[in-house]
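Data block below; observations after.
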Amino acid sequence: MTLRLAEHSKDREQQLAQIRQSLGSRSIVLIGLMGAGKTAVGRRLANWLDLSFTDADTEIEAAAGQSIKEIFAEHGEAYFRDGERKVIARLLEGGPQVLATGGGAYMNPETRAAIKAHGISIWLKADLRVLLKRVSRRDHRPLLAVGDPETVMKTLMAERNPVYAEADLIVESHEVPHDVIVGAVADALAAKLGCDAMPAPKRRRKKVQ
Ligand code: S3P
């Protein structure tokens with residue numbers, strides 16, 4: 001399916017073109033807890049940037065021929081984590097792209113190093129209330145099925161937030177329309193990549209006959 005590119009102002013278009021140019025073959029890698037909006041924001045960001053979008057969890061499921069819930073139930077978390085590390089290492093060779101990772105992926109030091117080498121990481125940071133509201137809509141996440149979701153989420157926040165904080169960029173994922181967050185991500189990327197200071201990419205002019 002081809003998504004229609006969103007309509008943007010001239011300034012935004014210029015900014016997005018500069019981001020694309022500066023990225024080279026690097027991937028934009030979204031990290032953060034379950035419910036942070038990595039997939040929803042990632043899809044839209046890819047659309048804005050006219051890049052492909054890859055969801056690491058979907059790729060893991062395709063490689064295993066099983067859902068994540070089934071992988072956890074049949075083989076356990078350690079097996080899932082091993083597959084996750086391998087799949088993400090492979091996906092990172094395929095930039096430029098927008099890559100959304102599962103919430104636990106960035107906790108693996110090898111994966112963190114691979115992301116550093118091949119991409120720009122963005123932590124989509126949301127507060128507990130927002131995360132819980134978003135994850136309550138579906139029940140496909142095995143980590144949240146083992147106990148009270150609020151307790152699990154609080155524990156994960158305490159463990160993971162200090163590691164997520166190593167990301168190249170941090171963008172708050174509030175309860176606002178996704179496009180607002182995508183705009184904030186684009187602004188953060190432009191600042192990080194020095195796009196604001198760059199001359200605009202040359203536009204092809206039509207010859208006047
Ligand atoms: C997990 C998050 C999930 C998925 C798996 C484990 C985690 O992805 O990878 O259920 O450890 O936080 P999302 O963050 O996309 O829900």
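Chain labels run A, B, ... following the order of the structure tokens; each chain numbers its residues from 1, and ligands are numbered from 1 in the order shown.
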Dump the neighbourhood of ligand 1 as a PyMOL selection string: all residues within 9 Å, distances computed on only C-alpha atoms and all ligand atoms.
chain A and resi 31-39+55-57+60+68-69+72+77+80-81+84+100-105+107+135+140-144+156
Any chance you can output those residues with N, CA, C and O atoms as a tab-separated table (two decimals), in the first residue's frame?
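Here's the written file selection.tsv:
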chain	number	residue	atom	x	y	z
A	31	ILE	N	12.97	4.23	20.27
A	31	ILE	CA	13.04	3.36	21.44
A	31	ILE	C	12.11	3.91	22.52
A	31	ILE	O	11.66	5.06	22.44
A	32	GLY	N	11.83	3.09	23.51
A	32	GLY	CA	10.97	3.53	24.61
A	32	GLY	C	10.02	2.42	25.03
A	32	GLY	O	9.93	1.38	24.38
A	33	LEU	N	9.33	2.68	26.11
A	33	LEU	CA	8.47	1.64	26.70
A	33	LEU	C	7.26	1.28	25.83
A	33	LEU	O	6.89	2.04	24.94
A	34	MET	N	6.66	0.15	26.15
A	34	MET	CA	5.41	-0.25	25.52
A	34	MET	C	4.41	0.88	25.70
A	34	MET	O	4.26	1.40	26.81
A	35	GLY	N	3.75	1.26	24.62
A	35	GLY	CA	2.75	2.32	24.72
A	35	GLY	C	3.32	3.72	24.49
A	35	GLY	O	2.59	4.70	24.55
A	36	ALA	N	4.62	3.80	24.20
A	36	ALA	CA	5.23	5.13	24.00
A	36	ALA	C	4.82	5.73	22.65
A	36	ALA	O	4.98	6.94	22.43
A	37	GLY	N	4.33	4.89	21.74
A	37	GLY	CA	3.89	5.40	20.43
A	37	GLY	C	4.92	5.19	19.33
A	37	GLY	O	4.87	5.84	18.29
A	38	LYS	N	5.85	4.24	19.55
A	38	LYS	CA	6.95	4.04	18.59
A	38	LYS	C	6.43	3.67	17.19
A	38	LYS	O	6.90	4.19	16.19
A	39	THR	N	5.46	2.77	17.15
A	39	THR	CA	4.96	2.33	15.84
A	39	THR	C	4.13	3.43	15.18
A	39	THR	O	4.34	3.75	14.01
A	55	ASP	N	9.04	-2.26	11.52
A	55	ASP	CA	8.72	-2.53	12.92
A	55	ASP	C	9.47	-3.80	13.32
A	55	ASP	O	9.21	-4.87	12.77
A	56	ALA	N	10.40	-3.67	14.25
A	56	ALA	CA	11.26	-4.82	14.60
A	56	ALA	C	10.42	-6.00	15.11
A	56	ALA	O	10.70	-7.15	14.76
A	57	ASP	N	9.39	-5.71	15.91
A	57	ASP	CA	8.57	-6.81	16.44
A	57	ASP	C	7.89	-7.61	15.32
A	57	ASP	O	7.84	-8.83	15.38
A	60	ILE	N	10.46	-9.80	13.77
A	60	ILE	CA	10.79	-10.95	14.62
A	60	ILE	C	9.70	-12.02	14.46
A	60	ILE	O	10.00	-13.21	14.32
A	68	ILE	N	4.66	-12.79	19.05
A	68	ILE	CA	5.54	-12.60	20.21
A	68	ILE	C	4.97	-13.32	21.43
A	68	ILE	O	5.71	-13.95	22.20
A	69	LYS	N	3.66	-13.28	21.56
A	69	LYS	CA	3.01	-13.98	22.67
A	69	LYS	C	3.36	-15.48	22.60
A	69	LYS	O	3.69	-16.09	23.63
A	72	PHE	N	7.13	-16.14	23.50
A	72	PHE	CA	7.34	-16.10	24.95
A	72	PHE	C	6.80	-17.37	25.60
A	72	PHE	O	7.45	-17.97	26.45
A	77	GLU	N	11.46	-15.87	27.47
A	77	GLU	CA	11.92	-14.52	27.13
A	77	GLU	C	13.35	-14.51	26.59
A	77	GLU	O	13.66	-13.76	25.66
A	80	PHE	N	13.43	-15.14	22.99
A	80	PHE	CA	12.91	-13.96	22.27
A	80	PHE	C	13.99	-12.88	22.17
A	80	PHE	O	14.22	-12.29	21.12
A	81	ARG	N	14.68	-12.62	23.29
A	81	ARG	CA	15.68	-11.55	23.31
A	81	ARG	C	16.83	-11.83	22.35
A	81	ARG	O	17.38	-10.92	21.73
A	84	GLU	N	15.55	-11.15	18.95
A	84	GLU	CA	15.38	-9.71	18.81
A	84	GLU	C	16.71	-9.04	18.47
A	84	GLU	O	16.81	-8.22	17.56
A	100	ALA	N	11.18	1.07	14.29
A	100	ALA	CA	10.61	1.05	15.64
A	100	ALA	C	11.04	-0.25	16.31
A	100	ALA	O	10.93	-1.32	15.72
A	101	THR	N	11.56	-0.14	17.54
A	101	THR	CA	12.02	-1.35	18.24
A	101	THR	C	11.08	-1.67	19.41
A	101	THR	O	10.43	-0.76	19.95
A	102	GLY	N	11.04	-2.91	19.82
A	102	GLY	CA	10.26	-3.30	20.99
A	102	GLY	C	10.89	-2.68	22.24
A	102	GLY	O	12.09	-2.39	22.27
A	103	GLY	N	10.07	-2.49	23.27
A	103	GLY	CA	10.51	-1.78	24.46
A	103	GLY	C	11.77	-2.30	25.14
A	103	GLY	O	12.50	-1.53	25.77
A	104	GLY	N	12.05	-3.61	25.01
A	104	GLY	CA	13.21	-4.16	25.71
A	104	GLY	C	14.49	-4.18	24.89
A	104	GLY	O	15.58	-4.44	25.42
A	105	ALA	N	14.36	-3.89	23.59
A	105	ALA	CA	15.50	-4.07	22.68
A	105	ALA	C	16.72	-3.26	23.08
A	105	ALA	O	17.86	-3.75	23.05
A	107	MET	N	17.78	-2.38	25.81
A	107	MET	CA	18.43	-2.79	27.05
A	107	MET	C	19.63	-3.70	26.78
A	107	MET	O	20.48	-3.90	27.64
A	135	VAL	N	-1.50	1.04	26.60
A	135	VAL	CA	-1.33	-0.43	26.54
A	135	VAL	C	-2.62	-1.17	26.93
A	135	VAL	O	-2.76	-2.34	26.60
A	140	HIS	N	-1.81	-8.06	23.81
A	140	HIS	CA	-0.86	-8.95	23.11
A	140	HIS	C	0.54	-8.91	23.72
A	140	HIS	O	1.46	-9.50	23.20
A	141	ARG	N	0.72	-8.18	24.84
A	141	ARG	CA	2.08	-8.00	25.36
A	141	ARG	C	2.32	-8.94	26.55
A	141	ARG	O	1.77	-8.70	27.64
A	142	PRO	N	3.16	-9.96	26.36
A	142	PRO	CA	3.34	-10.96	27.42
A	142	PRO	C	3.86	-10.40	28.73
A	142	PRO	O	3.47	-10.88	29.80
A	143	LEU	N	4.70	-9.37	28.69
A	143	LEU	CA	5.26	-8.85	29.95
A	143	LEU	C	4.18	-8.25	30.84
A	143	LEU	O	4.32	-8.24	32.07
A	144	LEU	N	3.11	-7.76	30.21
A	144	LEU	CA	2.06	-7.12	31.00
A	144	LEU	C	1.00	-8.12	31.46
A	144	LEU	O	0.11	-7.78	32.23
A	156	LEU	N	9.48	-1.49	35.15
A	156	LEU	CA	10.21	-1.33	33.88
A	156	LEU	C	10.72	0.11	33.73
A	156	LEU	O	11.85	0.32	33.27
Set the distance at 9 Å and use only C-alpha atoms: which residues neighbour region 119-130 of chain A once local chain neighbours fewer than 4 positions away are removed? I'd like the list as a VMD selection string.
chain A and resid 23 25 to 33 35 to 38 92 95 to 96 114 to 115 134 to 135 150 153 to 154 157 161 164 to 175 185 189
Would you mind exporting the chosen residues as a compact mmCIF listing (two decimals), in the first residue's frame, restricted to N, CA, C and O atoms?
# COMPACT_ATOMS: atom_id res chain seq x y z
N LEU A 23 20.99 12.16 6.68
CA LEU A 23 20.97 10.81 7.28
C LEU A 23 21.94 9.85 6.59
O LEU A 23 22.53 8.99 7.23
N SER A 25 22.98 6.68 5.07
CA SER A 25 22.38 5.34 5.16
C SER A 25 21.96 5.01 6.60
O SER A 25 21.62 3.87 6.90
N ARG A 26 22.01 6.00 7.48
CA ARG A 26 21.63 5.73 8.88
C ARG A 26 20.12 5.55 9.04
O ARG A 26 19.34 6.12 8.28
N SER A 27 19.76 4.80 10.05
CA SER A 27 18.34 4.61 10.36
C SER A 27 17.96 5.54 11.51
O SER A 27 18.79 5.84 12.37
N ILE A 28 16.71 5.93 11.53
CA ILE A 28 16.17 6.64 12.69
C ILE A 28 15.52 5.56 13.53
O ILE A 28 14.61 4.85 13.07
N VAL A 29 16.01 5.37 14.77
CA VAL A 29 15.58 4.24 15.59
C VAL A 29 14.78 4.74 16.79
O VAL A 29 15.29 5.50 17.62
N LEU A 30 13.52 4.33 16.84
CA LEU A 30 12.67 4.75 17.95
C LEU A 30 12.72 3.73 19.07
O LEU A 30 12.57 2.52 18.84
N ILE A 31 12.97 4.23 20.27
CA ILE A 31 13.04 3.36 21.44
C ILE A 31 12.11 3.91 22.52
O ILE A 31 11.66 5.06 22.44
N GLY A 32 11.83 3.09 23.51
CA GLY A 32 10.97 3.53 24.61
C GLY A 32 10.02 2.42 25.03
O GLY A 32 9.93 1.38 24.38
N LEU A 33 9.33 2.68 26.11
CA LEU A 33 8.47 1.64 26.70
C LEU A 33 7.26 1.28 25.83
O LEU A 33 6.89 2.04 24.94
N GLY A 35 3.75 1.26 24.62
CA GLY A 35 2.75 2.32 24.72
C GLY A 35 3.32 3.72 24.49
O GLY A 35 2.59 4.70 24.55
N ALA A 36 4.62 3.80 24.20
CA ALA A 36 5.23 5.13 24.00
C ALA A 36 4.82 5.73 22.65
O ALA A 36 4.98 6.94 22.43
N GLY A 37 4.33 4.89 21.74
CA GLY A 37 3.89 5.40 20.43
C GLY A 37 4.92 5.19 19.33
O GLY A 37 4.87 5.84 18.29
N LYS A 38 5.85 4.24 19.55
CA LYS A 38 6.95 4.04 18.59
C LYS A 38 6.43 3.67 17.19
O LYS A 38 6.90 4.19 16.19
N LEU A 92 19.32 -3.13 10.84
CA LEU A 92 20.11 -1.90 10.86
C LEU A 92 21.02 -1.77 9.63
O LEU A 92 21.53 -0.69 9.35
N GLY A 95 19.41 0.69 6.25
CA GLY A 95 19.05 2.11 6.26
C GLY A 95 19.32 2.79 4.92
O GLY A 95 19.99 2.19 4.08
N PRO A 96 18.79 3.98 4.70
CA PRO A 96 18.01 4.76 5.64
C PRO A 96 16.57 4.24 5.75
O PRO A 96 16.01 3.77 4.78
N ALA A 114 25.02 -1.36 18.23
CA ALA A 114 24.68 -1.45 16.79
C ALA A 114 23.84 -0.24 16.37
O ALA A 114 24.04 0.33 15.30
N ILE A 115 22.94 0.18 17.25
CA ILE A 115 22.11 1.35 16.94
C ILE A 115 22.99 2.60 16.85
O ILE A 115 22.85 3.43 15.97
N ARG A 134 -2.53 3.68 26.99
CA ARG A 134 -2.32 3.15 25.63
C ARG A 134 -2.21 1.63 25.62
O ARG A 134 -2.76 0.98 24.74
N VAL A 135 -1.50 1.04 26.60
CA VAL A 135 -1.33 -0.43 26.54
C VAL A 135 -2.62 -1.17 26.93
O VAL A 135 -2.76 -2.34 26.60
N GLU A 150 0.22 -1.84 36.14
CA GLU A 150 0.81 -0.62 36.70
C GLU A 150 2.11 -0.95 37.44
O GLU A 150 3.11 -0.24 37.31
N MET A 153 4.76 -1.88 34.85
CA MET A 153 5.23 -0.70 34.12
C MET A 153 6.13 0.17 35.00
O MET A 153 7.16 0.67 34.54
N LYS A 154 5.78 0.31 36.27
CA LYS A 154 6.61 1.11 37.19
C LYS A 154 8.00 0.48 37.33
O LYS A 154 9.01 1.18 37.36
N MET A 157 9.94 1.07 34.17
CA MET A 157 10.38 2.48 34.07
C MET A 157 11.63 2.70 34.91
O MET A 157 12.58 3.35 34.47
N ASN A 161 14.40 3.47 32.18
CA ASN A 161 14.53 4.89 31.84
C ASN A 161 15.98 5.40 31.87
O ASN A 161 16.38 6.15 30.99
N TYR A 164 17.40 4.19 28.56
CA TYR A 164 16.81 4.93 27.43
C TYR A 164 17.41 6.34 27.35
O TYR A 164 17.51 6.92 26.27
N ALA A 165 17.78 6.88 28.49
CA ALA A 165 18.32 8.25 28.53
C ALA A 165 19.64 8.38 27.77
O ALA A 165 20.10 9.49 27.49
N GLU A 166 20.24 7.24 27.39
CA GLU A 166 21.47 7.30 26.59
C GLU A 166 21.18 7.61 25.12
O GLU A 166 22.10 7.79 24.32
N ALA A 167 19.91 7.64 24.74
CA ALA A 167 19.55 7.88 23.33
C ALA A 167 20.10 9.22 22.85
O ALA A 167 20.33 10.13 23.65
N ASP A 168 20.28 9.33 21.54
CA ASP A 168 20.78 10.58 20.97
C ASP A 168 19.80 11.73 21.19
O ASP A 168 20.21 12.87 21.39
N LEU A 169 18.52 11.39 21.13
CA LEU A 169 17.49 12.43 21.28
C LEU A 169 16.37 11.92 22.17
O LEU A 169 16.08 10.72 22.18
N ILE A 170 15.75 12.84 22.90
CA ILE A 170 14.60 12.48 23.74
C ILE A 170 13.44 13.38 23.34
O ILE A 170 13.59 14.60 23.29
N VAL A 171 12.32 12.76 23.01
CA VAL A 171 11.13 13.54 22.64
C VAL A 171 9.97 13.08 23.51
O VAL A 171 9.72 11.89 23.65
N GLU A 172 9.28 14.03 24.11
CA GLU A 172 8.14 13.71 24.98
C GLU A 172 6.97 13.24 24.13
O GLU A 172 6.62 13.87 23.13
N SER A 173 6.38 12.12 24.55
CA SER A 173 5.23 11.58 23.82
C SER A 173 3.97 11.82 24.66
O SER A 173 3.54 10.97 25.42
N HIS A 174 3.44 13.03 24.53
CA HIS A 174 2.25 13.41 25.31
C HIS A 174 1.00 12.91 24.64
O HIS A 174 1.04 12.39 23.53
N GLU A 175 -0.12 13.15 25.31
CA GLU A 175 -1.42 12.81 24.70
C GLU A 175 -1.86 13.93 23.77
O GLU A 175 -2.77 14.69 24.07
N VAL A 185 9.70 15.43 16.68
CA VAL A 185 10.81 14.53 16.32
C VAL A 185 11.60 15.13 15.15
O VAL A 185 12.84 15.16 15.17
N LEU A 189 15.49 16.14 15.22
CA LEU A 189 16.44 15.56 14.26
C LEU A 189 17.18 16.67 13.49
O LEU A 189 18.40 16.60 13.31
Taking the DSSP secondary structure from the backbone, can you list the residues of region 28-149 of chain A that are alpha helix (DSSP H), as JSON, numbers by chain?
{"A": [38, 39, 40, 41, 42, 43, 44, 45, 46, 47, 48, 49, 56, 57, 58, 59, 60, 61, 62, 63, 64, 68, 69, 70, 71, 72, 73, 74, 75, 77, 78, 79, 80, 81, 82, 83, 84, 85, 86, 87, 88, 89, 90, 91, 109, 110, 111, 112, 113, 114, 115, 116, 117, 118, 128, 129, 130, 131, 132, 133, 134, 135, 149]}
Between CA of Arg112 (chain A) and CA of Gln21 (chain A), what is the spacing in Å?
23.9 Å
Nearest to Ala184 (chain A): which of A:Ala17, A:Val98, A:Ala6, A:Val41 is it, counting only C-alpha atoms?
A:Val41
Running DSSP on the backbone, which parts of region 49-208 of chain A land in strand (DSSP E or B), as a PyMOL selection string?
chain A and resi 53-55+97-100+119-125+169-172
Which residue of A:Glu74, A:Glu159, A:Arg43, A:Leu91 approaches Glu59 (chain A) most closely, using only C-alpha atoms
A:Leu91
Report, in Å with one decimal, the straight-line distance from CA of Ala40 (chain A) to CA of Pro201 (chain A).
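One can read the CA of Ala40 (chain A) to CA of Pro201 (chain A) distance as 28.4 Å.
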Given only C-alpha atoms as the basis, pick out the residue of A:His75, A:Arg90, A:His8, A:Arg85 nearest to Trp48 (chain A).
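Under the stated criterion, the closest residue is A:His8.
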